[in-house]
>>> print(open('upload-v7.txt').read())   # compact mmCIF, C-alpha atoms
# COMPACT_ATOMS: atom_id res chain seq x y z
CA MET A 1 -11.89 26.83 26.57
CA SER A 2 -13.91 28.13 29.45
CA GLY A 3 -12.79 30.35 32.29
CA PRO A 4 -11.49 33.86 32.99
CA ARG A 5 -10.09 36.18 30.31
CA THR A 6 -7.09 34.67 28.53
CA SER A 7 -3.70 36.02 27.42
CA PRO A 8 -1.83 35.29 24.15
CA MET A 9 0.62 32.99 25.94
CA LEU A 10 -2.21 31.13 27.61
CA GLU A 11 -3.88 30.72 24.24
CA ASP A 12 -0.62 29.28 22.89
CA LEU A 13 -0.45 26.78 25.74
CA VAL A 14 -4.06 25.75 25.21
CA ALA A 15 -3.48 25.32 21.48
CA THR A 16 -0.40 23.20 22.19
CA LEU A 17 -2.31 20.94 24.56
CA GLU A 18 -5.04 20.56 21.97
CA CYS A 19 -2.40 19.31 19.53
CA LEU A 20 -0.80 16.96 22.04
CA PHE A 21 -4.16 15.65 23.32
CA PRO A 22 -6.35 15.41 20.18
CA GLU A 23 -10.12 15.52 20.53
CA THR A 24 -9.76 16.50 24.16
CA GLU A 25 -11.52 19.47 25.73
CA VAL A 26 -9.10 21.82 27.45
CA GLY A 27 -10.56 23.92 30.24
CA LEU A 28 -9.19 26.72 32.40
CA SER A 29 -10.08 26.44 36.06
CA ARG A 30 -8.69 26.17 39.55
CA VAL A 31 -6.82 22.88 40.00
CA SER A 32 -5.78 21.11 43.15
CA SER A 33 -3.93 18.01 42.06
CA GLY A 34 -4.48 15.29 39.54
CA ASP A 35 -2.67 13.41 36.80
CA SER A 36 -4.88 14.84 34.06
CA SER A 37 -4.38 18.52 34.85
CA PHE A 38 -1.60 21.06 34.47
CA ARG A 39 -0.73 24.01 36.70
CA LEU A 40 -0.05 27.38 35.08
CA VAL A 41 3.28 28.85 36.20
CA PRO A 42 3.59 31.53 37.44
CA GLY A 43 -0.13 32.13 36.92
CA ARG A 44 -2.96 32.47 34.43
CA ARG A 45 -2.30 36.12 33.50
CA HIS A 46 1.30 35.66 32.32
CA PRO A 47 1.95 31.91 32.14
CA ARG A 48 5.39 30.73 31.05
CA MET A 49 4.88 26.99 31.29
CA LEU A 50 2.63 24.16 32.40
CA VAL A 51 3.69 21.74 35.13
CA THR A 52 2.05 18.54 36.16
CA ALA A 53 -0.49 18.86 38.93
CA GLY A 54 -0.05 15.19 39.70
CA HIS A 55 3.22 15.25 41.67
CA ARG A 56 4.72 18.25 43.46
CA SER A 57 8.40 17.22 43.24
CA ALA A 58 8.07 16.49 39.52
CA ALA A 59 6.46 19.90 39.04
CA ALA A 60 9.18 21.59 41.10
CA GLY A 61 11.99 19.89 39.19
CA SER A 62 10.55 20.96 35.85
CA LEU A 63 11.25 24.60 36.68
CA VAL A 64 14.96 24.10 37.22
CA ARG A 65 17.28 23.57 34.27
CA PRO A 66 20.53 25.44 35.00
CA SER A 67 22.51 26.86 32.08
CA ALA A 68 25.65 28.93 31.67
CA GLY A 69 23.46 31.85 30.69
CA ASP A 70 21.78 32.00 34.09
CA THR A 71 22.27 34.97 36.34
CA PHE A 72 20.91 35.39 39.84
CA ARG A 73 18.28 37.73 38.46
CA SER A 74 17.12 35.25 35.80
CA SER A 75 17.29 32.06 37.88
CA ALA A 76 16.03 33.31 41.26
CA PRO A 77 12.33 33.53 40.22
CA ARG A 78 12.42 29.95 38.91
CA GLN A 79 14.10 28.72 42.06
CA LEU A 80 11.50 30.46 44.21
CA LEU A 81 8.57 29.03 42.22
CA SER A 82 10.18 25.60 42.35
CA ALA A 83 10.45 25.83 46.13
CA VAL A 84 6.79 26.85 46.38
CA LEU A 85 5.72 23.84 44.32
CA ALA A 86 7.98 21.47 46.27
CA SER A 87 6.48 22.68 49.55
CA GLY A 88 2.97 21.74 48.42
CA LEU A 89 1.79 25.36 48.26
CA GLY A 90 1.20 25.28 44.51
CA PRO A 91 -2.61 25.13 44.79
CA VAL A 92 -2.51 28.24 46.98
CA ALA A 93 0.14 30.33 45.18
CA MET A 94 -0.69 29.18 41.62
CA PRO A 95 -4.29 27.98 41.78
CA TYR A 96 -5.16 28.09 38.07
CA GLY A 97 -4.45 25.40 35.56
CA LEU A 98 -5.66 23.57 32.49
CA THR A 99 -7.79 20.44 32.77
CA LEU A 100 -8.36 17.80 30.13
CA ARG A 101 -11.60 16.01 29.29
CA LYS A 102 -10.91 13.29 26.76
CA GLY A 103 -13.57 12.49 24.18
CA PRO A 104 -14.90 8.94 23.93
CA ASP A 105 -13.23 8.28 20.57
CA ALA A 106 -10.12 10.41 21.06
CA PRO A 107 -6.93 8.98 19.53
CA ASP A 108 -3.83 8.34 21.61
CA SER A 109 -2.36 11.49 23.13
CA ILE A 110 1.36 12.14 23.43
CA ALA A 111 1.05 10.97 27.06
CA ASP A 112 -0.48 7.69 25.87
CA TYR A 113 2.29 7.30 23.30
CA LEU A 114 5.11 7.88 25.80
CA ALA A 115 3.42 5.59 28.32
CA GLY A 116 3.40 2.86 25.68
CA VAL A 117 7.07 3.42 24.92
CA LEU A 118 8.11 3.33 28.59
CA GLY A 119 5.67 0.71 29.83
CA HIS A 120 4.10 2.89 32.52
CA PRO A 121 2.08 6.12 32.82
CA VAL A 122 3.91 9.43 32.64
CA LEU A 123 3.59 12.88 34.16
CA LEU A 124 4.30 15.75 31.81
CA SER A 125 5.29 19.39 32.16
CA LEU A 126 5.84 21.56 29.11
CA THR A 127 7.04 24.80 27.62
CA VAL A 128 6.51 26.12 24.10
CA GLY A 129 8.88 29.09 23.97
CA SER A 130 8.46 32.36 22.12
CA ALA A 131 6.81 32.54 18.72
CA ARG A 132 9.29 31.53 15.99
CA ALA A 133 9.46 29.24 13.00
CA ASN A 134 11.09 26.35 14.87
CA ARG A 135 8.91 26.54 17.98
CA LYS A 136 7.90 23.15 19.31
CA PRO A 137 6.70 21.80 22.66
CA ILE A 138 9.44 20.56 25.01
CA LEU A 139 8.08 18.04 27.51
CA ASN A 140 9.73 17.22 30.81
CA VAL A 141 8.79 13.59 31.43
CA HIS A 142 8.47 11.98 34.88
CA SER A 143 7.32 8.60 36.11
CA PRO A 144 4.27 8.35 38.44
CA SER A 145 6.70 8.28 41.39
CA GLY A 146 8.09 11.67 40.36
CA ALA A 147 11.41 10.31 39.07
CA GLU A 148 12.68 12.27 36.08
CA ILE A 149 12.98 10.28 32.85
CA GLY A 150 14.10 13.02 30.51
CA PHE A 151 12.89 15.50 27.91
CA ALA A 152 10.77 14.86 24.84
CA LYS A 153 10.64 17.04 21.74
CA VAL A 154 7.60 16.77 19.48
CA GLY A 155 7.47 18.11 15.95
CA LEU A 156 4.13 19.59 14.90
CA ASN A 157 4.89 20.78 11.34
CA ALA A 158 7.30 20.05 8.49
CA LEU A 159 10.15 22.20 9.83
CA THR A 160 9.97 21.04 13.44
CA ASN A 161 9.60 17.40 12.42
CA GLN A 162 12.76 17.80 10.37
CA LEU A 163 14.60 19.34 13.35
CA VAL A 164 13.48 16.61 15.77
CA ASP A 165 14.60 13.92 13.31
CA ARG A 166 17.92 15.69 12.86
CA GLU A 167 18.61 15.85 16.58
CA SER A 168 17.82 12.16 16.95
CA GLU A 169 20.32 11.38 14.20
CA VAL A 170 23.01 13.61 15.69
CA LEU A 171 22.71 12.20 19.23
CA GLY A 172 23.32 8.74 17.82
CA GLN A 173 26.20 9.92 15.64
CA LEU A 174 28.01 11.79 18.43
CA ALA A 175 27.29 9.40 21.31
CA ASN A 176 30.86 8.07 21.41
CA ALA A 177 32.65 10.49 19.11
CA THR A 178 33.52 13.32 21.48
CA ALA A 179 34.08 11.66 24.86
CA GLY A 180 36.08 13.85 27.24
CA ALA A 181 35.34 17.24 25.67
CA PHE A 182 31.67 17.65 26.57
CA THR A 183 28.58 15.70 27.59
CA LEU A 184 25.44 15.49 25.50
CA PRO A 185 22.08 13.78 26.11
CA HIS A 186 21.55 10.20 25.00
CA ALA A 187 18.51 9.25 22.98
CA ILE A 188 16.09 7.03 24.89
CA HIS A 189 13.56 6.70 22.08
CA ALA A 190 12.88 8.14 18.64
CA GLY A 191 9.62 7.46 16.85
CA SER A 192 6.46 8.86 15.31
CA TRP A 193 3.21 9.83 16.99
CA GLN A 194 0.17 10.88 14.93
CA GLY A 195 2.52 11.44 12.00
CA ASN A 196 4.81 13.69 14.03
CA SER A 197 8.40 13.04 15.06
CA VAL A 198 9.14 12.39 18.73
CA LEU A 199 12.52 12.28 20.47
CA LEU A 200 12.82 11.28 24.13
CA MET A 201 16.27 11.95 25.55
CA SER A 202 17.99 11.94 28.90
CA ALA A 203 18.09 15.10 31.00
CA LEU A 204 21.39 16.86 31.64
CA ARG A 205 21.40 17.95 35.25
CA PRO A 206 24.66 19.48 36.52
CA GLY A 207 25.14 18.88 40.22
CA LYS A 208 26.43 22.39 40.82
CA PRO A 209 26.88 24.60 37.76
CA ARG A 210 30.10 26.59 37.62
CA ARG A 211 30.80 29.98 36.13
CA GLY A 212 32.85 29.82 32.98
CA GLY A 213 33.73 31.63 29.81
CA ILE A 214 33.64 30.43 26.24
CA PRO A 215 34.24 26.64 26.23
CA HIS A 216 36.91 26.73 23.51
CA GLU A 217 37.91 23.08 23.93
CA ALA A 218 34.33 21.91 23.49
CA ALA A 219 33.91 24.15 20.45
CA ALA A 220 37.05 22.68 18.90
CA ALA A 221 35.86 19.13 19.62
CA ILE A 222 32.60 19.86 17.83
CA ILE A 223 34.51 21.19 14.82
CA LYS A 224 36.55 17.96 14.74
CA SER A 225 33.51 15.69 15.17
CA SER A 226 33.38 15.55 11.37
CA PRO A 227 36.39 15.49 9.01
CA VAL A 228 38.15 18.87 8.88
CA SER A 229 39.30 20.24 5.53
CA HIS A 230 41.39 23.29 4.68
CA VAL A 231 40.25 24.68 1.33
CA ALA A 232 39.76 27.98 -0.43
CA ILE A 233 36.29 29.38 0.22
CA ALA A 234 35.35 29.59 -3.47
CA GLY A 235 35.82 25.83 -3.88
CA SER A 236 34.29 24.78 -0.57
CA PRO A 237 31.24 22.49 -0.30
CA TRP A 238 29.90 24.94 2.29
CA LEU A 239 29.70 27.83 -0.18
CA ALA A 240 28.29 25.57 -2.88
CA GLN A 241 25.55 24.47 -0.48
CA LEU A 242 24.67 28.06 0.45
CA GLU A 243 24.45 29.01 -3.21
CA ALA A 244 22.22 26.02 -3.96
CA GLN A 245 19.92 26.81 -1.02
CA LEU A 246 19.60 30.44 -2.09
CA ALA A 247 19.32 29.87 -5.86
CA PRO A 248 15.49 29.99 -5.87
CA LEU A 249 15.62 33.42 -4.20
CA ARG A 250 17.44 34.95 -7.16
CA LYS A 251 14.11 34.88 -9.00
CA GLN A 252 12.39 36.85 -6.22
CA SER A 253 12.62 40.61 -6.04
CA GLY A 254 13.68 42.18 -2.79
CA ASN A 255 15.88 39.36 -1.48
CA GLU A 256 19.49 40.47 -1.55
CA LEU A 257 21.12 37.53 0.25
CA PRO A 258 22.18 35.62 -2.91
CA TYR A 259 23.96 38.74 -4.14
CA LEU A 260 25.70 39.20 -0.80
CA VAL A 261 27.01 35.66 -1.23
CA ASP A 262 28.34 36.71 -4.65
CA ARG A 263 30.10 39.70 -3.08
CA TYR A 264 31.53 37.46 -0.34
CA ARG A 265 32.90 35.09 -3.00
CA GLN A 266 34.58 38.04 -4.74
CA ASP A 267 36.17 39.34 -1.53
CA PHE A 268 37.11 36.08 0.18
CA GLY A 269 36.95 33.36 -2.47
CA ASP A 270 40.71 32.77 -2.55
CA VAL A 271 41.07 32.75 1.26
CA GLU A 272 41.81 29.27 2.63
CA ILE A 273 40.20 28.41 5.97
CA PRO A 274 39.37 25.22 7.90
CA PHE A 275 35.89 23.75 7.61
CA GLY A 276 34.32 21.33 10.09
CA ALA A 277 31.13 20.76 12.08
CA TRP A 278 29.19 23.14 14.27
CA HIS A 279 26.51 22.79 16.93
CA GLY A 280 24.45 25.50 15.25
CA ASP A 281 23.07 27.12 18.41
CA PHE A 282 26.15 27.09 20.62
CA GLY A 283 25.48 29.53 23.43
CA PRO A 284 25.24 29.87 27.20
CA TRP A 285 21.50 29.13 26.94
CA ASN A 286 22.26 25.62 25.66
CA LEU A 287 25.03 24.50 27.99
CA ALA A 288 26.08 24.23 31.61
CA HIS A 289 29.64 24.38 32.90
CA THR A 290 30.55 21.60 35.34
CA ALA A 291 33.63 20.56 37.27
CA ALA A 292 34.42 18.06 34.52
CA VAL A 293 33.31 19.08 31.03
CA PRO A 294 30.46 21.26 29.74
CA MET A 295 27.03 19.74 29.28
CA ILE A 296 25.56 20.74 25.91
CA TRP A 297 22.00 20.20 24.67
CA ASP A 298 19.75 21.14 21.69
CA TRP A 299 21.62 19.53 18.78
CA GLU A 300 18.93 19.96 16.13
CA ARG A 301 20.99 22.47 14.10
CA TYR A 302 24.24 20.46 14.04
CA ALA A 303 25.71 20.51 10.54
CA HIS A 304 28.90 20.25 8.50
CA PRO A 305 30.86 21.56 6.74
CA VAL A 306 30.82 25.16 7.96
CA PRO A 307 33.66 27.62 8.59
CA ALA A 308 35.51 26.42 11.67
CA GLY A 309 34.90 28.84 14.54
CA ALA A 310 31.33 29.74 13.57
CA ASP A 311 30.09 28.35 16.89
CA VAL A 312 32.15 30.76 18.98
CA VAL A 313 31.00 33.69 16.85
CA HIS A 314 27.44 32.62 17.64
CA TYR A 315 28.33 32.22 21.34
CA THR A 316 29.72 35.73 21.62
CA ALA A 317 27.56 37.64 19.15
CA HIS A 318 24.10 36.11 18.70
CA GLN A 319 22.32 37.87 21.55
CA LYS A 320 23.88 41.25 20.68
CA LEU A 321 22.96 40.81 17.03
CA ARG A 322 19.31 40.39 17.94
CA LEU A 323 19.29 44.13 18.77
CA ARG A 324 18.12 45.09 15.32
CA GLY A 325 19.46 48.38 14.00
CA ASP A 326 22.36 48.76 16.45
CA TYR A 327 25.32 48.80 14.06
CA ILE A 328 27.74 50.06 16.71
CA ALA A 329 27.06 47.13 19.06
CA ALA A 330 27.23 44.70 16.13
CA ARG A 331 30.58 46.01 14.90
CA GLU A 332 32.06 46.02 18.38
CA ILE A 333 31.13 42.41 19.08
CA LEU A 334 31.95 40.98 15.63
CA GLU A 335 35.27 42.81 15.28
CA GLY A 336 36.21 42.44 18.94
CA ALA A 337 35.07 39.53 21.10
CA SER A 338 33.99 37.30 18.21
CA TYR A 339 37.20 37.88 16.26
CA SER A 340 39.31 37.09 19.33
CA ALA A 341 37.25 33.99 20.19
CA VAL A 342 37.79 32.53 16.72
CA VAL A 343 41.53 33.18 16.92
CA LYS A 344 41.79 31.45 20.29
CA THR A 345 39.66 28.43 19.38
CA LEU A 346 41.52 27.76 16.14
CA SER A 347 45.00 28.55 17.47
CA ASP A 348 44.70 26.53 20.69
CA SER A 349 43.38 23.51 18.80
CA SER A 350 46.00 23.76 16.02
CA LEU A 351 43.26 24.15 13.44
CA LEU A 352 44.84 27.34 12.12
CA GLU A 353 48.43 28.27 12.87
CA ASP A 354 49.18 32.02 13.01
CA PRO A 355 45.84 33.03 11.47
CA ASP A 356 45.78 35.92 9.03
CA PRO A 357 43.21 38.69 9.68
CA GLN A 358 41.50 37.97 6.36
CA GLN A 359 40.98 34.35 7.40
CA ILE A 360 39.29 35.40 10.63
CA ARG A 361 37.15 38.02 8.87
CA ALA A 362 36.15 35.38 6.31
CA ILE A 363 35.02 33.09 9.14
CA VAL A 364 33.09 35.82 10.96
CA VAL A 365 31.25 36.91 7.81
CA GLY A 366 30.83 33.25 6.85
CA TYR A 367 28.99 32.76 10.12
CA LEU A 368 26.70 35.69 9.30
CA LEU A 369 25.93 34.18 5.90
CA THR A 370 25.20 30.78 7.44
CA ILE A 371 22.84 32.10 10.10
CA ALA A 372 21.21 34.58 7.70
CA THR A 373 20.50 31.71 5.28
CA ARG A 374 18.82 29.81 8.12
CA PHE A 375 16.70 32.79 9.12
CA THR A 376 15.81 33.58 5.52
CA LEU A 377 14.70 30.05 4.67
CA ASP A 378 12.86 29.59 7.98
CA GLY A 379 11.10 32.88 7.26
CA LEU A 380 9.60 31.41 4.10
CA SER A 381 7.59 28.83 6.09
CA PRO A 382 3.95 29.52 7.09
CA THR A 383 5.10 30.03 10.70
CA GLY A 384 8.15 32.10 9.76
CA ALA A 385 6.85 35.64 10.24
CA PRO A 386 8.70 36.25 13.58
CA VAL A 387 12.10 35.56 12.02
CA ARG A 388 11.77 37.61 8.81
CA ALA A 389 12.80 40.91 10.39
CA LEU A 390 15.82 39.18 11.97
CA ALA A 391 16.78 37.78 8.56
CA ALA A 392 16.58 41.24 6.95
CA TRP A 393 18.72 42.72 9.74
CA HIS A 394 21.39 40.06 9.22
CA HIS A 395 21.42 40.89 5.50
CA ARG A 396 22.27 44.48 6.41
CA LEU A 397 24.96 43.30 8.85
CA ILE A 398 26.61 41.24 6.12
CA PHE A 399 26.60 44.22 3.76
CA ASP A 400 28.09 46.38 6.51
CA GLN A 401 30.88 43.89 7.25
CA LEU A 402 31.71 43.43 3.57
CA HIS A 403 31.83 47.20 3.10
CA ARG A 404 34.08 47.65 6.15
CA ASN A 405 36.41 44.92 4.88
CA SER A 406 36.89 46.89 1.65
CA LEU A 407 37.90 50.11 3.41
CA PRO A 408 41.55 51.23 3.07
CA GLY A 409 43.71 49.61 5.75
CA SER A 410 41.18 46.97 6.70
CA ARG A 411 43.41 44.13 5.55
CA LYS A 412 46.34 45.10 7.71
CA LYS A 413 47.17 43.26 10.93
>>> encode(input="upload-v7.txt", output="structure tokens")
Amino acid sequence: MSGPRTSPMLEDLVATLECLFPETEVGLSRVSSGDSSFRLVPGRRHPRMLVTAGHRSAAAGSLVRPSAGDTFRSSAPRQLLSAVLASGLGPVAMPYGLTLRKGPDAPDSIADYLAGVLGHPVLLSLTVGSARANRKPILNVHSPSGAEIGFAKVGLNALTNQLVDRESEVLGQLANATAGAFTLPHAIHAGSWQGNSVLLMSALRPGKPRRGGIPHEAAAAIIKSSPVSHVAIAGSPWLAQLEAQLAPLRKQSGNELPYLVDRYRQDFGDVEIPFGAWHGDFGPWNLAHTAAVPMIWDWERYAHPVPAGADVVHYTAHQKLRLRGDYIAAREILEGASYSAVVKTLSDSSLLEDPDPQQIRAIVVGYLLTIATRFTLDGLSPTGAPVRALAAWHHRLIFDQLHRNSLPGSRKK
């Protein structure tokens, strides 16, 4: 790549384009407009995404994807940049971009592949997100006229290919199963490009997002999207699956998660709770409240069976629990808002009548075990370094919660 001094994020974007456009030279330069170039937003020093330089309304629309997690402070910069692009001032305000020079024998790019699927050329904008094991490019796809077609996910390694395939499967499975409780994207196309999984799905665009709290009804509908069973934890398929996933780690020194599962079985094995499905990343960042029902996206982690209510623990606690080392904040959220959210979701949906405190604690800690298993296994992949510290922190949280559950008086209402 030629051009001015680069930043780590810019290098990531260049590397992603080189994967999506094989045997194509990627160059950094000033760009005016053109179908084969991408504009760096908000600029080359600290780029967050690439938008098409070929159509200003398509570029502007790519910056706006409202979610329930938006605040004025977080959404205002995107809205401003979108307005700048829509006005045609992009070349002035954001002059730098990445250009592509395709080699004579270059194989089909992802743009060529999507054009073949749709029967016409496409304009692409893309983000790659922060460094993590499941990072993958998310492409906003537009027609040459600027009309939005949807979003495409592209797997680029074993883990992300698995996640893209899983989301494709789930969108088909849930297409008609949960009508009335929430809206999810529909799959336009699922296929393989250069040996990598591709999913093209419709965009969810709320007309005017509303403020809202935890969408308990939607969470309950997700639980019930697979058969619900009420069984003792020790005999549950969920616990058996966790133990099977973690069995290889028993042979490795320094990984305590399998032994935390053993302790959980001792403390909660005879507690009967409901098990059902979960979204797996149910949070304000993946949904938008509307006047009708919530819109929910990113279904690649959908799974069953898991302890019913795990989604609302994730909704209330996940962001707080990313503050590694803050036990006070973790205890307050897990034993306060998360506990109450599980009670409400299960009580209102008649999944658990008059829940006992030990049942709710079992669900909250069960969530921690489920998410810690994900982080731990993702951390074993070649790209898993960013998540390993988070996995270790969740191990300590589980130990802390199990210890607190054993304290005198902890089992009282």
>>> closest_residue(input="upload-v7.txt", among="A:Gln245, A:Gln266, A:Ser125, A:Gln162", to="A:Ile138", atoms="all atoms listed in the file")
A:Ser125
>>> atom_distance(input="upload-v7.txt", atom1="atom CA of A:Val343", atom2="atom CA of A:Gly309")
8.3 Å
>>> residues_around(input="upload-v7.txt", residues="stretch 153-160 of chain A", least_positions_apart="6", cutoff="7 Å", atoms="all atoms listed in the file", output="PyMOL selection string")
chain A and resi 134+136-139+196-200
>>> residues_around(input="upload-v7.txt", residues="stretch 228-236 of chain A", least_positions_apart="6", cutoff="10 Å", atoms="all atoms listed in the file", output="PyMOL selection string")
chain A and resi 264-277+304-308+351-352+359+362-363+366
>>> atom_distance(input="upload-v7.txt", atom1="atom CA of A:Ser57", atom2="atom CA of A:Ser109")
23.5 Å
>>> atom_distance(input="upload-v7.txt", atom1="atom CA of A:Pro91", atom2="atom CA of A:Ser36")
15.0 Å
>>> residues_around(input="upload-v7.txt", residues="stretch 376-382 of chain A", least_positions_apart="5", cutoff="6 Å", atoms="only C-alpha atoms", output="list of chain:residue names")
A:Val387, A:Arg388, A:Ala391
>>> closest_residue(input="upload-v7.txt", among="A:Arg101, A:Phe21, A:Tyr113, A:Ser145", to="A:Gly54", atoms="all atoms listed in the file")
A:Ser145
>>> residues_around(input="upload-v7.txt", residues="A:Ala106", least_positions_apart="3", cutoff="10 Å", atoms="all atoms listed in the file", output="count of residues only")
7
>>> build_atoms(input="upload-v7.txt", residues="stretch 45-53 of chain A", atoms="all heavy atoms", output="PDB file, in the coordinates of the input")
ATOM      1  N   ARG A  45      -2.394  34.848  34.238  1.00  0.00           N
ATOM      2  CA  ARG A  45      -2.300  36.120  33.500  1.00  0.00           C
ATOM      3  C   ARG A  45      -1.063  36.158  32.608  1.00  0.00           C
ATOM      4  O   ARG A  45      -1.113  36.670  31.491  1.00  0.00           O
ATOM      5  CB  ARG A  45      -2.303  37.300  34.464  1.00  0.00           C
ATOM      6  CG  ARG A  45      -3.620  37.464  35.198  1.00  0.00           C
ATOM      7  CD  ARG A  45      -3.677  38.787  35.951  1.00  0.00           C
ATOM      8  NE  ARG A  45      -4.937  38.935  36.664  1.00  0.00           N
ATOM      9  CZ  ARG A  45      -6.065  39.355  36.103  1.00  0.00           C
ATOM     10  NH1 ARG A  45      -6.074  39.674  34.807  1.00  0.00           N
ATOM     11  NH2 ARG A  45      -7.177  39.463  36.822  1.00  0.00           N
ATOM     12  N   HIS A  46       0.053  35.655  33.096  1.00  0.00           N
ATOM     13  CA  HIS A  46       1.300  35.660  32.320  1.00  0.00           C
ATOM     14  C   HIS A  46       1.986  34.303  32.445  1.00  0.00           C
ATOM     15  O   HIS A  46       3.102  34.205  32.964  1.00  0.00           O
ATOM     16  CB  HIS A  46       2.236  36.784  32.799  1.00  0.00           C
ATOM     17  CG  HIS A  46       1.619  38.146  32.730  1.00  0.00           C
ATOM     18  ND1 HIS A  46       1.418  38.810  31.530  1.00  0.00           N
ATOM     19  CD2 HIS A  46       1.138  38.957  33.709  1.00  0.00           C
ATOM     20  CE1 HIS A  46       0.856  39.978  31.777  1.00  0.00           C
ATOM     21  NE2 HIS A  46       0.671  40.095  33.080  1.00  0.00           N
ATOM     22  N   PRO A  47       1.358  33.244  31.966  1.00  0.00           N
ATOM     23  CA  PRO A  47       1.950  31.910  32.140  1.00  0.00           C
ATOM     24  C   PRO A  47       3.184  31.726  31.264  1.00  0.00           C
ATOM     25  O   PRO A  47       3.232  32.201  30.129  1.00  0.00           O
ATOM     26  CB  PRO A  47       0.827  30.967  31.695  1.00  0.00           C
ATOM     27  CG  PRO A  47       0.037  31.777  30.714  1.00  0.00           C
ATOM     28  CD  PRO A  47       0.089  33.194  31.220  1.00  0.00           C
ATOM     29  N   ARG A  48       4.179  31.039  31.804  1.00  0.00           N
ATOM     30  CA  ARG A  48       5.390  30.730  31.050  1.00  0.00           C
ATOM     31  C   ARG A  48       5.470  29.246  30.712  1.00  0.00           C
ATOM     32  O   ARG A  48       6.117  28.871  29.742  1.00  0.00           O
ATOM     33  CB  ARG A  48       6.635  31.136  31.851  1.00  0.00           C
ATOM     34  CG  ARG A  48       6.679  32.608  32.237  1.00  0.00           C
ATOM     35  CD  ARG A  48       6.681  33.513  31.040  1.00  0.00           C
ATOM     36  NE  ARG A  48       7.795  33.245  30.135  1.00  0.00           N
ATOM     37  CZ  ARG A  48       7.900  33.743  28.910  1.00  0.00           C
ATOM     38  NH1 ARG A  48       6.937  34.514  28.430  1.00  0.00           N
ATOM     39  NH2 ARG A  48       8.931  33.463  28.159  1.00  0.00           N
ATOM     40  N   MET A  49       4.833  28.417  31.533  1.00  0.00           N
ATOM     41  CA  MET A  49       4.880  26.990  31.290  1.00  0.00           C
ATOM     42  C   MET A  49       3.743  26.297  32.028  1.00  0.00           C
ATOM     43  O   MET A  49       3.049  26.908  32.848  1.00  0.00           O
ATOM     44  CB  MET A  49       6.232  26.398  31.699  1.00  0.00           C
ATOM     45  CG  MET A  49       6.509  26.409  33.196  1.00  0.00           C
ATOM     46  SD  MET A  49       8.148  25.711  33.602  1.00  0.00           S
ATOM     47  CE  MET A  49       7.962  24.010  33.047  1.00  0.00           C
ATOM     48  N   LEU A  50       3.583  25.021  31.717  1.00  0.00           N
ATOM     49  CA  LEU A  50       2.630  24.160  32.400  1.00  0.00           C
ATOM     50  C   LEU A  50       3.400  23.073  33.127  1.00  0.00           C
ATOM     51  O   LEU A  50       4.297  22.454  32.544  1.00  0.00           O
ATOM     52  CB  LEU A  50       1.665  23.506  31.398  1.00  0.00           C
ATOM     53  CG  LEU A  50       0.685  24.415  30.661  1.00  0.00           C
ATOM     54  CD1 LEU A  50      -0.006  23.643  29.530  1.00  0.00           C
ATOM     55  CD2 LEU A  50      -0.366  24.952  31.632  1.00  0.00           C
ATOM     56  N   VAL A  51       3.064  22.834  34.386  1.00  0.00           N
ATOM     57  CA  VAL A  51       3.690  21.740  35.130  1.00  0.00           C
ATOM     58  C   VAL A  51       2.612  20.766  35.561  1.00  0.00           C
ATOM     59  O   VAL A  51       1.443  21.130  35.713  1.00  0.00           O
ATOM     60  CB  VAL A  51       4.478  22.247  36.359  1.00  0.00           C
ATOM     61  CG1 VAL A  51       5.579  23.204  35.933  1.00  0.00           C
ATOM     62  CG2 VAL A  51       3.563  22.924  37.380  1.00  0.00           C
ATOM     63  N   THR A  52       3.008  19.543  35.738  1.00  0.00           N
ATOM     64  CA  THR A  52       2.050  18.540  36.160  1.00  0.00           C
ATOM     65  C   THR A  52       1.455  18.894  37.512  1.00  0.00           C
ATOM     66  O   THR A  52       2.156  19.353  38.419  1.00  0.00           O
ATOM     67  CB  THR A  52       2.716  17.147  36.240  1.00  0.00           C
ATOM     68  OG1 THR A  52       1.757  16.207  36.737  1.00  0.00           O
ATOM     69  CG2 THR A  52       3.929  17.145  37.175  1.00  0.00           C
ATOM     70  N   ALA A  53       0.159  18.686  37.634  1.00  0.00           N
ATOM     71  CA  ALA A  53      -0.490  18.860  38.930  1.00  0.00           C
ATOM     72  C   ALA A  53      -0.543  17.548  39.693  1.00  0.00           C
ATOM     73  O   ALA A  53      -1.117  17.485  40.776  1.00  0.00           O
ATOM     74  CB  ALA A  53      -1.909  19.410  38.735  1.00  0.00           C
TER      75      ALA A  53
END
